[in-house]
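S.K.: Quick one, query31.cif (mmCIF, C-alpha atoms):
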```cif
data_my_file
#
loop_
_atom_site.label_atom_id
_atom_site.label_comp_id
_atom_site.auth_asym_id
_atom_site.auth_seq_id
_atom_site.Cartn_x
_atom_site.Cartn_y
_atom_site.Cartn_z
CA MET N 1 3.47 -34.34 -17.82
CA ASN N 2 3.57 -34.01 -14.04
CA PRO N 3 1.70 -31.00 -12.66
CA THR N 4 3.84 -28.14 -11.40
CA PRO N 5 3.59 -27.06 -7.74
CA ALA N 6 1.93 -23.81 -8.82
CA THR N 7 -0.95 -25.63 -10.54
CA PRO N 8 -1.99 -28.63 -8.42
CA VAL N 9 -4.53 -31.08 -9.80
CA VAL N 10 -6.16 -31.30 -6.38
CA THR N 11 -6.20 -28.11 -4.40
CA THR N 12 -4.51 -28.18 -0.99
CA ALA N 13 -6.01 -24.87 0.06
CA GLN N 14 -7.05 -24.31 3.62
CA PRO N 15 -9.44 -21.57 4.83
CA GLU N 16 -6.50 -19.49 6.01
CA ASP N 17 -5.14 -19.47 2.45
CA TYR N 18 -8.23 -17.64 1.26
CA VAL N 19 -7.76 -15.17 4.10
CA GLN N 20 -4.17 -14.63 2.96
CA LEU N 21 -5.38 -13.95 -0.57
CA LEU N 22 -7.10 -10.85 0.80
CA LYS N 23 -3.74 -9.41 1.94
CA PRO N 24 -5.00 -8.73 5.49
CA ARG N 25 -2.07 -6.48 6.44
CA VAL N 26 -2.71 -4.23 3.47
CA MET N 27 -6.45 -4.44 4.16
CA SER N 28 -5.94 -3.15 7.71
CA LEU N 29 -4.36 0.06 6.40
CA VAL N 30 -7.12 0.40 3.80
CA ILE N 31 -9.78 0.06 6.49
CA PHE N 32 -8.06 2.59 8.73
CA THR N 33 -7.73 5.26 6.06
CA ALA N 34 -11.24 4.62 4.75
CA VAL N 35 -12.69 4.97 8.27
CA THR N 36 -10.83 8.25 8.61
CA GLY N 37 -12.26 9.61 5.38
CA LEU N 38 -15.76 8.54 6.42
CA VAL N 39 -15.50 10.00 9.94
CA VAL N 40 -13.97 13.38 9.06
CA ALA N 41 -16.46 13.96 6.25
CA PRO N 42 -19.13 16.51 7.21
CA GLY N 43 -22.56 15.31 8.29
CA ASP N 44 -23.78 12.23 10.08
CA MET N 45 -24.07 8.71 8.74
CA HIS N 46 -26.17 5.95 10.26
CA PRO N 47 -23.86 3.53 12.11
CA LEU N 48 -25.19 0.53 10.19
CA SER N 49 -24.66 2.25 6.85
CA ALA N 50 -21.18 3.27 7.93
CA ALA N 51 -20.32 -0.28 8.99
CA LEU N 52 -21.59 -1.68 5.70
CA ALA N 53 -19.59 0.90 3.76
CA ILE N 54 -16.36 0.00 5.57
CA LEU N 55 -17.08 -3.69 5.11
CA CYS N 56 -17.51 -3.17 1.37
CA ILE N 57 -14.31 -1.16 1.08
CA ALA N 58 -12.42 -3.85 3.03
CA VAL N 59 -13.83 -6.65 0.88
CA GLY N 60 -13.09 -4.68 -2.28
CA ALA N 61 -9.49 -4.18 -1.18
CA GLY N 62 -9.22 -7.88 -0.42
CA ALA N 63 -10.68 -8.72 -3.82
CA ALA N 64 -8.03 -6.58 -5.50
CA GLY N 65 -5.38 -8.40 -3.49
CA ALA N 66 -6.74 -11.80 -4.54
CA LEU N 67 -6.76 -10.77 -8.20
CA ASN N 68 -3.21 -9.46 -7.86
CA MET N 69 -2.01 -12.75 -6.37
CA ALA N 70 -3.79 -14.74 -9.06
CA LEU N 71 -2.16 -12.73 -11.81
CA GLU N 72 1.25 -12.60 -10.11
CA GLY N 73 1.54 -16.20 -8.93
CA GLU N 74 4.47 -17.09 -11.18
CA THR N 75 6.28 -13.85 -10.33
CA ASP N 76 5.64 -14.20 -6.61
CA ALA N 77 7.16 -17.69 -6.72
CA LEU N 78 10.49 -16.16 -7.79
CA MET N 79 10.74 -13.81 -4.80
CA ARG N 80 11.72 -14.81 -1.27
CA ARG N 81 9.36 -12.25 0.23
CA THR N 82 6.30 -13.54 -1.65
CA ARG N 83 6.89 -17.16 -2.59
CA GLY N 84 4.92 -18.39 0.41
CA ARG N 85 1.72 -16.76 -0.86
CA PRO N 86 -1.12 -19.21 -1.59
CA VAL N 87 -1.01 -19.12 -5.40
CA ALA N 88 2.77 -18.87 -5.63
CA ALA N 89 3.19 -21.83 -3.28
CA GLY N 90 0.62 -23.88 -5.19
CA ARG N 91 -1.91 -24.18 -2.38
CA VAL N 92 -4.58 -22.25 -4.33
CA ARG N 93 -5.08 -22.59 -8.08
CA LYS N 94 -4.86 -19.46 -10.18
CA GLY N 95 -8.39 -19.93 -11.53
CA ASP N 96 -9.81 -20.33 -8.04
CA ALA N 97 -8.09 -17.16 -6.87
CA MET N 98 -9.37 -15.26 -9.92
CA THR N 99 -12.94 -16.45 -9.34
CA TYR N 100 -12.68 -15.56 -5.67
CA GLY N 101 -11.45 -12.06 -6.51
CA VAL N 102 -14.07 -11.41 -9.18
CA VAL N 103 -16.95 -12.59 -6.97
CA LEU N 104 -15.79 -10.45 -4.05
CA SER N 105 -15.29 -7.48 -6.36
CA VAL N 106 -18.83 -7.63 -7.72
CA PHE N 107 -20.28 -8.26 -4.27
CA SER N 108 -18.46 -5.34 -2.62
CA VAL N 109 -19.19 -2.82 -5.38
CA MET N 110 -22.87 -3.69 -5.70
CA LEU N 111 -23.46 -3.75 -1.94
CA LEU N 112 -21.70 -0.41 -1.48
CA GLY N 113 -23.79 1.14 -4.22
CA MET N 114 -27.04 -0.09 -2.65
CA ALA N 115 -26.05 0.61 0.96
CA SER N 116 -24.42 4.02 0.41
CA ASN N 117 -24.28 5.56 -3.07
CA TRP N 118 -23.04 4.81 -6.54
CA LEU N 119 -20.25 7.40 -6.51
CA ALA N 120 -18.56 5.51 -3.70
CA ALA N 121 -19.25 2.22 -5.49
CA GLY N 122 -17.81 3.57 -8.73
CA LEU N 123 -14.65 4.72 -6.96
CA LEU N 124 -14.30 1.30 -5.36
CA ALA N 125 -14.71 -0.40 -8.75
CA LEU N 126 -12.13 1.97 -10.24
CA THR N 127 -9.69 1.13 -7.44
CA ILE N 128 -10.02 -2.62 -8.02
CA VAL N 129 -9.61 -2.32 -11.80
CA TYR N 130 -6.75 0.14 -11.39
CA TYR N 131 -4.81 -2.13 -9.03
CA ALA N 132 -5.51 -5.53 -10.58
CA GLY N 133 -5.52 -4.41 -14.20
CA PHE N 134 -3.66 -1.18 -14.80
CA TYR N 135 -0.95 -1.66 -12.14
CA THR N 136 -0.50 -5.45 -12.04
CA LEU N 137 -0.87 -6.20 -15.75
CA LEU N 138 0.40 -3.04 -17.43
CA LEU N 139 2.69 -1.06 -15.16
CA LYS N 140 4.54 -3.34 -12.81
CA ARG N 141 6.82 -4.95 -15.39
CA ARG N 142 7.07 -2.03 -17.80
CA THR N 143 8.32 1.01 -15.90
CA PRO N 144 10.37 1.85 -12.80
CA GLN N 145 7.64 4.40 -12.06
CA ASN N 146 5.25 1.49 -11.45
CA ILE N 147 4.89 2.16 -7.73
CA VAL N 148 4.39 5.90 -8.30
CA ILE N 149 1.50 5.53 -10.73
CA GLY N 150 0.15 2.37 -9.16
CA GLY N 151 0.24 3.98 -5.72
CA ALA N 152 -2.99 5.76 -6.58
CA ALA N 153 -4.85 2.52 -5.91
CA GLY N 154 -3.80 2.57 -2.26
CA ALA N 155 -4.67 6.26 -1.96
CA PHE N 156 -8.35 5.92 -2.90
CA PRO N 157 -9.81 4.47 0.37
CA PRO N 158 -10.24 7.78 2.27
CA VAL N 159 -11.92 9.28 -0.80
CA ILE N 160 -14.24 6.28 -1.02
CA GLY N 161 -15.03 6.57 2.68
CA TRP N 162 -15.79 10.28 2.30
CA ALA N 163 -17.97 9.63 -0.74
CA ALA N 164 -19.84 6.88 1.10
CA ALA N 165 -20.67 9.34 3.89
CA THR N 166 -21.64 12.33 1.78
CA GLY N 167 -22.22 11.23 -1.80
CA ASP N 168 -19.51 13.68 -2.82
CA ALA N 169 -15.72 13.73 -3.17
CA PRO N 170 -14.56 17.33 -2.59
CA TRP N 171 -10.98 18.57 -2.53
CA PRO N 172 -10.32 17.85 1.20
CA ALA N 173 -10.89 14.16 0.45
CA TRP N 174 -8.40 14.37 -2.40
CA LEU N 175 -5.88 16.00 -0.04
CA LEU N 176 -5.98 12.78 1.98
CA PHE N 177 -5.53 10.92 -1.30
CA LEU N 178 -2.49 13.07 -2.12
CA ILE N 179 -0.83 12.36 1.22
CA ILE N 180 -0.99 8.60 0.66
CA PHE N 181 -0.01 8.96 -3.00
CA LEU N 182 3.16 10.91 -2.12
CA TRP N 183 3.92 8.63 0.84
CA THR N 184 3.92 5.45 -1.26
CA PRO N 185 7.17 5.95 -3.27
CA PRO N 186 9.54 6.65 -0.34
CA HIS N 187 7.85 3.90 1.69
CA SER N 188 8.06 1.30 -1.10
CA TRP N 189 11.48 2.28 -2.42
CA ALA N 190 12.98 2.13 1.08
CA LEU N 191 11.93 -1.53 1.17
CA ALA N 192 13.10 -2.06 -2.40
CA LEU N 193 16.58 -0.78 -1.55
CA TYR N 194 17.25 -3.87 0.52
CA SER N 195 15.09 -6.25 -1.54
CA ALA N 196 16.40 -5.34 -4.98
CA GLY N 197 17.70 -8.84 -5.65
CA ASP N 198 14.21 -10.24 -5.28
CA TYR N 199 12.80 -7.83 -7.85
CA ALA N 200 15.70 -8.39 -10.24
CA ARG N 201 15.20 -12.18 -10.19
CA ALA N 202 11.52 -11.69 -10.91
CA GLY N 203 12.19 -9.27 -13.77
CA ILE N 204 10.40 -6.37 -12.09
CA PRO N 205 12.02 -2.99 -12.87
CA MET N 206 11.69 -1.46 -9.43
CA MET N 207 13.65 1.76 -9.12
CA PRO N 208 16.81 0.28 -7.51
CA VAL N 209 16.93 -2.38 -10.25
CA ALA N 210 16.26 -0.05 -13.18
CA ARG N 211 18.01 3.14 -12.05
CA GLY N 212 20.35 1.99 -9.30
CA ALA N 213 20.48 2.53 -5.56
CA LYS N 214 21.99 6.02 -5.72
CA SER N 215 19.21 7.38 -7.91
CA THR N 216 16.60 5.67 -5.74
CA ARG N 217 18.00 7.26 -2.58
CA LEU N 218 17.82 10.69 -4.19
CA GLN N 219 14.24 10.18 -5.34
CA ILE N 220 13.24 9.04 -1.84
CA LEU N 221 14.58 12.34 -0.52
CA LEU N 222 12.84 14.40 -3.21
CA TYR N 223 9.47 12.74 -2.61
CA SER N 224 9.92 13.20 1.14
CA LEU N 225 10.57 16.91 0.67
CA VAL N 226 7.21 17.18 -1.10
CA LEU N 227 5.34 14.78 1.20
CA VAL N 228 6.16 16.50 4.51
CA PRO N 229 4.58 19.93 3.74
CA VAL N 230 1.61 18.24 2.07
CA GLY N 231 1.23 16.13 5.20
CA VAL N 232 1.04 19.30 7.31
CA ALA N 233 -1.39 21.04 4.93
CA PRO N 234 -4.64 19.71 6.49
CA ALA N 235 -3.82 21.70 9.63
CA PHE N 236 -4.09 24.90 7.58
CA THR N 237 -7.18 23.98 5.57
CA GLY N 238 -9.56 23.23 8.43
CA LEU N 239 -9.44 19.50 7.83
CA GLY N 240 -7.05 19.00 10.75
CA GLY N 241 -6.66 20.86 14.02
CA VAL N 242 -3.92 21.57 16.53
CA ILE N 243 -3.37 17.92 17.43
CA TYR N 244 -3.03 16.99 13.80
CA GLY N 245 -0.68 19.91 13.14
CA VAL N 246 1.68 18.89 15.94
CA VAL N 247 1.68 15.22 14.91
CA ALA N 248 2.23 16.07 11.25
CA ALA N 249 5.01 18.57 11.98
CA VAL N 250 6.95 16.36 14.39
CA GLY N 251 6.38 13.21 12.35
CA GLY N 252 7.31 15.02 9.17
CA LEU N 253 10.60 16.27 10.61
CA VAL N 254 11.52 12.75 11.70
CA PHE N 255 10.49 11.37 8.29
CA LEU N 256 12.62 13.96 6.54
CA ALA N 257 15.61 13.31 8.82
CA LEU N 258 15.41 9.59 8.05
CA ALA N 259 15.11 10.32 4.32
CA VAL N 260 18.25 12.47 4.50
CA ARG N 261 20.05 9.60 6.23
CA VAL N 262 18.97 7.26 3.44
CA TRP N 263 20.19 9.73 0.82
CA ARG N 264 23.58 10.00 2.53
CA SER N 265 23.87 6.24 3.09
CA ARG N 266 24.98 3.35 0.91
CA ALA N 267 21.68 1.53 1.28
CA GLY N 268 21.09 -0.78 -1.66
CA ASP N 269 24.69 -0.80 -2.84
CA GLN N 270 25.20 -4.34 -1.53
CA PRO N 271 22.86 -7.37 -1.34
CA ASP N 272 20.95 -7.74 1.91
CA LYS N 273 22.01 -10.31 4.50
CA ALA N 274 19.47 -12.91 3.47
CA GLU N 275 20.62 -12.76 -0.14
CA ALA N 276 24.25 -12.94 0.92
CA VAL N 277 23.81 -16.21 2.81
CA GLY N 278 21.00 -17.64 0.69
CA ARG N 279 18.30 -17.97 3.32
CA GLU N 280 14.78 -16.67 3.79
CA ALA N 281 14.56 -12.93 4.29
CA ALA N 282 13.65 -11.39 7.58
CA LEU N 283 11.97 -8.08 6.78
CA TYR N 284 14.23 -6.05 9.07
CA ASP N 285 17.39 -8.22 8.89
CA VAL N 286 19.66 -6.12 6.68
CA ARG N 287 23.27 -5.12 6.32
CA ALA N 288 24.51 -2.20 8.40
CA GLU N 289 24.65 0.12 5.38
CA ALA N 290 20.99 -0.65 4.58
CA LYS N 291 19.67 0.13 8.07
CA PRO N 292 18.76 3.74 7.18
CA ALA N 293 16.40 2.36 4.49
CA ARG N 294 14.99 -0.20 6.90
CA ASN N 295 14.41 2.51 9.52
CA LEU N 296 12.64 4.77 7.05
CA PHE N 297 10.45 1.91 5.85
CA ALA N 298 9.43 1.04 9.42
CA PHE N 299 8.84 4.65 10.47
CA SER N 300 6.88 5.48 7.33
CA ILE N 301 4.14 3.07 8.41
CA LEU N 302 3.97 4.69 11.85
CA TYR N 303 3.97 8.16 10.27
CA LEU N 304 0.99 7.51 8.01
CA MET N 305 -0.96 5.79 10.77
CA ALA N 306 -0.24 8.70 13.13
CA LEU N 307 -1.52 11.29 10.63
CA PHE N 308 -4.84 9.54 10.13
CA ALA N 309 -5.13 8.65 13.82
CA ALA N 310 -4.74 12.33 14.69
CA LEU N 311 -7.62 13.22 12.38
CA LEU N 312 -9.77 10.59 14.08
CA VAL N 313 -8.81 11.70 17.60
CA GLU N 314 -9.87 15.24 16.78
CA GLN N 315 -13.38 13.98 16.07
CA LEU N 316 -13.79 12.86 19.68
CA PRO N 317 -16.17 14.99 21.76
CA GLY N 318 -14.44 18.01 23.21
CA LEU N 319 -11.50 17.82 20.81
CA GLY N 320 -13.15 19.20 17.69
CA HIS N 321 -11.63 22.14 15.91
#
```
As structure tokens, how would this structure be written, given the file I've shared?
M.R.:
Amino acid sequence: MNPTPATPVVTTAQPEDYVQLLKPRVMSLVIFTAVTGLVVAPGDMHPLSAALAILCIAVGAGAAGALNMALEGETDALMRRTRGRPVAAGRVRKGDAMTYGVVLSVFSVMLLGMASNWLAAGLLALTIVYYAGFYTLLLKRRTPQNIVIGGAAGAFPPVIGWAAATGDAPWPAWLLFLIIFLWTPPHSWALALYSAGDYARAGIPMMPVARGAKSTRLQILLYSLVLVPVGVAPAFTGLGGVIYGVVAAVGGLVFLALAVRVWRSRAGDQPDKAEAVGREAALYDVRAEAKPARNLFAFSILYLMALFAALLVEQLPGLGH
């Protein structure tokens, strides 16, 4: 039997393929939120210890991404948005990606435990297992709430950063967790509204596939109504100051306005442009009726980055609260 493209006899992997396995775009957001948690935590941390902690969190996030791609290679190959990934495209063998992910997981957790503390290391280990095991293997194909429950994995980094700095994980750290947790569904479902065909072909019950576009648009609005006040909350708890409060309030109003536009739109009712003409998808190339979802998806990234950037800016000398 001839080997399939997804399982080559001789690997064609290049170094950049192993970088792609780490999901560098996702890793960049993980690093940013983890740095924020570490910096806003009370007390001082030696710069070398802080750098090692962030390195470990970044590597751990990359390890989870590699394990996810190894486990999802066949599924990724069915989706236009993901079929160019190293395992899905057959450039990296599944076993190699699994080994890579496991080695990086053990390395990052053990180094974080020795360089910082074992609470932070335990939380990092939990995040990797949660994402690669609980979300990828158990949730993703079984429930349209997959992204809601699985979103916890992406919300852990600021808590891990805080724990690395202090050896503790108090409620302000979990408030940062909650912001990311509530942000994930409207962010992900906005994308899913104009990528539903991809998920349907792969057999993944994302909300637009399982419940329809209309229900998804309503749930985006409902989550946004909860997210916006929670996003402002740090300004009233002492975690954030005036700068944060202004950024969160203005950004939240824009987020909510875009969510209302999505709710009132017909986003997701028709296939996106790429599906309609059978070509590769451009992330922002969508039908006119889906543009509200595209706009919310794009702004949601800016919104989350702005919230955490405001917390960091307030730590600069002379701007403390």
S.K.: Which polymer residues, whether protein, DNA or RNA, lie within 12 Å of the coordinate (-1.6, -13.2, 1.7) when you count only C-alpha atoms? List them as a PyMOL selection string, using the chain letters and numbers from the file.
M.R.: chain N and resi 15-27+62-70+73+76+81-89+91-92+97
S.K.: What is the distance, in Å and to one decimal place, between CA of Gln14 in chain N and CA of Val103 in chain N?
M.R.: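 Computing the Euclidean distance for CA of Gln14 in chain N and CA of Val103 in chain N yields 18.6 Å.
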S.K.: Name all residues at most 12 Å from Gln315 in chain N (count all atoms listed in the file; drop same-chain ones fewer than 6 positions away) and give them as a list in words.
M.R.: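 What passes the distance filter is Val35, Thr36, Gly37, Leu38, Val39, Val40, Ala41, Pro42, Leu239, Gly240, Gly241, Ile243, Tyr244, Phe308, Ala309 and His321 of chain N.
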S.K.: Please produce a file of the residues just selected, as an mmCIF file, keeping the file's coordinate frame, where the atoms kept are C-alpha atoms.
M.R.:
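Here's the written file selection_1.cif:
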```
data_model
loop_
_atom_site.group_PDB
_atom_site.id
_atom_site.type_symbol
_atom_site.label_atom_id
_atom_site.label_comp_id
_atom_site.auth_asym_id
_atom_site.auth_seq_id
_atom_site.Cartn_x
_atom_site.Cartn_y
_atom_site.Cartn_z
ATOM 1 C CA VAL N 35 -12.690 4.970 8.270
ATOM 2 C CA THR N 36 -10.830 8.250 8.610
ATOM 3 C CA GLY N 37 -12.260 9.610 5.380
ATOM 4 C CA LEU N 38 -15.760 8.540 6.420
ATOM 5 C CA VAL N 39 -15.500 10.000 9.940
ATOM 6 C CA VAL N 40 -13.970 13.380 9.060
ATOM 7 C CA ALA N 41 -16.460 13.960 6.250
ATOM 8 C CA PRO N 42 -19.130 16.510 7.210
ATOM 9 C CA LEU N 239 -9.440 19.500 7.830
ATOM 10 C CA GLY N 240 -7.050 19.000 10.750
ATOM 11 C CA GLY N 241 -6.660 20.860 14.020
ATOM 12 C CA ILE N 243 -3.370 17.920 17.430
ATOM 13 C CA TYR N 244 -3.030 16.990 13.800
ATOM 14 C CA PHE N 308 -4.840 9.540 10.130
ATOM 15 C CA ALA N 309 -5.130 8.650 13.820
ATOM 16 C CA HIS N 321 -11.630 22.140 15.910
#
```
S.K.: Could you check which of N:Ala190, N:Val129, N:Ala152, N:Val102 is closest to Ser224 in chain N, using all atoms listed in the file?
M.R.: N:Ala190
S.K.: May I have the protein, DNA and RNA residues with any atom at most 8 Å from the point (5.3, 8.2, -2.8), counting all atoms listed in the file, written as a list in words?
M.R.: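 Here the neighbourhood of the point contains Ile147, Val148, Gly151, Ile180, Phe181, Leu182, Trp183, Thr184, Pro185, Pro186, His187, Ser188, Tyr223, Ser224 and Leu227 of chain N.
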S.K.: When the PyMOL selection byres ((chain N and resi 173) around 10) is applied to the file above, which residues end up in the set, as a ChimeraX atom specification?
M.R.: /N:37-38,40-41,156-163,168-172,174-178,239
S.K.: With all atoms listed in the file as the basis for distance, which of N:Leu48, N:Ser108, N:Thr166, N:Ile179 is at the shortest distance from Met305 in chain N?
M.R.: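 Nearest candidate to Met305 in chain N out of N:Leu48, N:Ser108, N:Thr166, N:Ile179: N:Ile179.
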S.K.: Compile the contact shell of Phe107 in chain N as a ChimeraX atom specification: residues with an atom at most 9 Å away, counting only C-alpha atoms, same-chain residues fewer than 4 positions apart removed.
M.R.: /N:56,59-60,102-103,111-112
S.K.: What does the PyMOL selection byres ((chain N and resi 264) around 10) select in this file, as a list in words?
M.R.: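 For this structure, the PyMOL selection byres ((chain N and resi 264) around 10) captures Lys214, Arg217, Leu218, Leu221, Leu258, Ala259, Val260, Arg261, Val262, Trp263, Ser265, Arg266, Ala267 and Pro292 of chain N.
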S.K.: In Å, with one decimal, what is the gap from CA of Pro229 in chain N to CA of Gly252 in chain N?
M.R.: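 If I compute the distance from CA of Pro229 in chain N to CA of Gly252 in chain N, I get 7.8 Å.
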S.K.: Please report the interatomic distance between CA of Ala233 in chain N and CA of Gly154 in chain N in Å with one decimal.
M.R.: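 Value for the CA of Ala233 in chain N-CA of Gly154 in chain N distance: 20.0 Å.
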S.K.: I need the residue set behind the PyMOL selection byres ((chain N and resi 134) around 12) for this file; please write it as a ChimeraX atom specification.
M.R.: /N:64,68,126-133,135-142,146-147,149-153
S.K.: Taking C-alpha atoms for each residue, export the selection above as a short mmCIF file (atom, residue, chain, number, x, y, z; two decimals), keeping the file's coordinate frame.
M.R.:
```
data_model
loop_
_atom_site.label_atom_id
_atom_site.label_comp_id
_atom_site.auth_asym_id
_atom_site.auth_seq_id
_atom_site.Cartn_x
_atom_site.Cartn_y
_atom_site.Cartn_z
CA ALA N 64 -8.03 -6.58 -5.50
CA ASN N 68 -3.21 -9.46 -7.86
CA LEU N 126 -12.13 1.97 -10.24
CA THR N 127 -9.69 1.13 -7.44
CA ILE N 128 -10.02 -2.62 -8.02
CA VAL N 129 -9.61 -2.32 -11.80
CA TYR N 130 -6.75 0.14 -11.39
CA TYR N 131 -4.81 -2.13 -9.03
CA ALA N 132 -5.51 -5.53 -10.58
CA GLY N 133 -5.52 -4.41 -14.20
CA TYR N 135 -0.95 -1.66 -12.14
CA THR N 136 -0.50 -5.45 -12.04
CA LEU N 137 -0.87 -6.20 -15.75
CA LEU N 138 0.40 -3.04 -17.43
CA LEU N 139 2.69 -1.06 -15.16
CA LYS N 140 4.54 -3.34 -12.81
CA ARG N 141 6.82 -4.95 -15.39
CA ARG N 142 7.07 -2.03 -17.80
CA ASN N 146 5.25 1.49 -11.45
CA ILE N 147 4.89 2.16 -7.73
CA ILE N 149 1.50 5.53 -10.73
CA GLY N 150 0.15 2.37 -9.16
CA GLY N 151 0.24 3.98 -5.72
CA ALA N 152 -2.99 5.76 -6.58
CA ALA N 153 -4.85 2.52 -5.91
#
```
S.K.: Could you name the residues that touch Tyr303 in chain N at 10 Å or less, counting only C-alpha atoms, but leaving out those on the same chain fewer than 4 positions away, as a list in words?
M.R.: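 Returned residues: Trp183, Gly231, Val247, Ala248, Val250, Gly251, Gly252, Val254, Phe255, Leu296, Ala298, Phe299, Leu307, Phe308 and Ala309 of chain N.
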S.K.: Please provide as a ChimeraX atom specification all residues within 12 Å of Gly212 in chain N, with the sequence filter that same-chain residues fewer than 2 positions apart are discarded (counting all atoms listed in the file).
M.R.: /N:144,189,192-194,196-197,200,205-210,214-219,266-270
S.K.: As an MDAnalysis selection string, please: the residues near Val109 in chain N (cut-off 8 Å, only C-alpha atoms, same-chain neighbours under 4 positions excluded).
M.R.: chainID N and resid 56 60 105 113 121:122 124:125
S.K.: Go through N:Arg211, N:Arg93, N:Arg80, N:Lys291 one by one, measure the shortest atom-to-atom distance of each to Ser195 in chain N using only C-alpha atoms, and give the residue with the smallest value.
M.R.: N:Arg80
S.K.: Of the candidates N:Leu52, N:Ala202, N:Leu256, N:Ile57, which shows the shortest atom-to-atom distance to Phe32 in chain N, using all atoms listed in the file?
M.R.: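 The answer is N:Ile57, which sits nearest to Phe32 in chain N.
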